[in-house]
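Notes follow the structure.
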Amino acid sequence: MPEGDTIFRTARALTRALAGRPITGFRSNYPLLTRFNDDTPLAGQTVDRVEARGKWMLTWFSGGGILATHLLMSGSWHIYRPGEAWQVPARHMRIVIENSDYLAVGFHVPVAQMHTAQSLCRDRRIPQPHSDVLRSEFDSASAVDRVLACAREEIGDVLLHQHVLAGVGNVFKSEICFVNAVNPFALVASLRRDEIESLVQSAQQLVRANVLEDSGENIVTYRGQHRRTTHRSDPGESLWVYGRRSQPCRRCAEPIESRMQGPDARITFWCPQCQPLPCGSFVDV
Ligand SMILES: [Zn+2]
């Protein structure tokens, strides 16, 4: 699943290709989108901006329509020049937004809907700007309160709740817990408020560091002793624990462990030595 930083970078690239240029064509094989386009043609309008909200992407049209898409596990957006060959078969195309310079093509986009500003506010699944770690409106104090409200849940799971902290994905979840020496299976109730504050702060820092202009495609949380700016061939080389099962911990050399966590069975990596389970938590093995 694309993480919040990937969606953010995609939204930034789409904004550059689409914003301010008159739309010359819109196509989709979603009946609700084509009906919207029949009633209120998007051709002739402009794209005001493309915005990431957690794992949702919002395309704001000058006529007031807002296209909300979620990529889930499989979706992606590509940007092409007119006439350029697509890298994905056309049968997987779900949405095309076109101007005289670019085509933005959504492939395998499983969730797509048109909103107005009013219906967007009412849609509970789309995070509000204050819960998105990548937004300037992000409010860390209220995020800490939302984490604490999930007292009987494991912190690793809670970090993935988009209504609690939008933008944190499965890779960041393990990394955030490791850098704070917090066991991902610890119940929120067993953690101190300052530990939660520190987790929220790390979430903001680590995800934001991965959307800088010079950050590459791979998530980087660990840079080793020598800060390198070149792309790594092995994504796991730039992470503390994620994807490193049985490899030595970068801090204590204990083998990293992994197992599935939560109702969605998302894989979690941690160091049993650096991230001991606090009192008041249990592991349901
Ligand atoms: Zn360790």
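Just remember, in the structure tokens the first chain shown is A, the second B, etc., residues are 1-based per chain, and ligands are 1-based in the order shown.
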
What are the closest atom pairs, with distances in Å to one decimal, for all residues of chain A lying within 10 Å of ligand 1? Consider only C-alpha atoms and all ligand atoms, order rows by chain and residue number, and present the result as CSV.
residue,atom,partner,partner_atom_place_in_ligand_line,distance
A:Phe178,CA,ligand 1,1 (Zn),8.5
A:Ala181,CA,ligand 1,1 (Zn),8.7
A:Trp240,CA,ligand 1,1 (Zn),9.6
A:Val241,CA,ligand 1,1 (Zn),9.2
A:Pro248,CA,ligand 1,1 (Zn),7.7
A:Cys249,CA,ligand 1,1 (Zn),4.5
A:Arg250,CA,ligand 1,1 (Zn),6.5
A:Arg251,CA,ligand 1,1 (Zn),5.0
A:Cys252,CA,ligand 1,1 (Zn),4.1
A:Ala253,CA,ligand 1,1 (Zn),5.9
A:Glu254,CA,ligand 1,1 (Zn),5.4
A:Pro255,CA,ligand 1,1 (Zn),7.7
A:Ile256,CA,ligand 1,1 (Zn),7.4
A:Trp270,CA,ligand 1,1 (Zn),8.1
A:Cys271,CA,ligand 1,1 (Zn),4.7
A:Pro272,CA,ligand 1,1 (Zn),6.7
A:Gln273,CA,ligand 1,1 (Zn),5.0
A:Cys274,CA,ligand 1,1 (Zn),4.1
A:Gln275,CA,ligand 1,1 (Zn),7.2
A:Pro276,CA,ligand 1,1 (Zn),9.6

>> Based on the backbone DSSP call, show me all residues of region 132-270 of chain A assigned strand (DSSP E or B), as a ChimeraX atom specification.
In response: /A:132,154,166,187,248,255,257-261,266-270

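We find CA of Ser76 (chain A) and CA of Phe138 (chain A) to be spaced 25.6 Å apart.
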
List as a short mmCIF file (atom, residue, chain, number, x, y, z; two decimals) with C-alpha atoms, in the first residue's frame the protein and nucleic acid residues near Phe107 (chain A), meaning an atom at most 6 Å away when only C-alpha atoms are counted, but skip any in the same chain fewer than 6 places from it.
data_model
loop_
_atom_site.label_atom_id
_atom_site.label_comp_id
_atom_site.auth_asym_id
_atom_site.auth_seq_id
_atom_site.Cartn_x
_atom_site.Cartn_y
_atom_site.Cartn_z
CA GLY A 75 -3.47 1.93 -7.74
CA SER A 76 -1.06 4.44 -9.22
CA HIS A 92 -6.17 -0.87 -16.37
CA MET A 93 -6.89 2.82 -17.00
CA ARG A 94 -9.62 4.16 -14.71
#

> If we count only C-alpha atoms, what is near region 41-49 of chain A at a cut-off of 7 Å, once residues fewer than 3 positions away on the same chain are taken out, given as a VMD selection string?
Replying inline: chain A and resid 15 18 to 26 37 to 38 59 to 63

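Of the residues under consideration (A:Pro82, A:Gly106, A:Pro184, A:Gly64), A:Pro184 shows the shortest atom-to-atom contact distance to Glu154 (chain A) when counting only C-alpha atoms.
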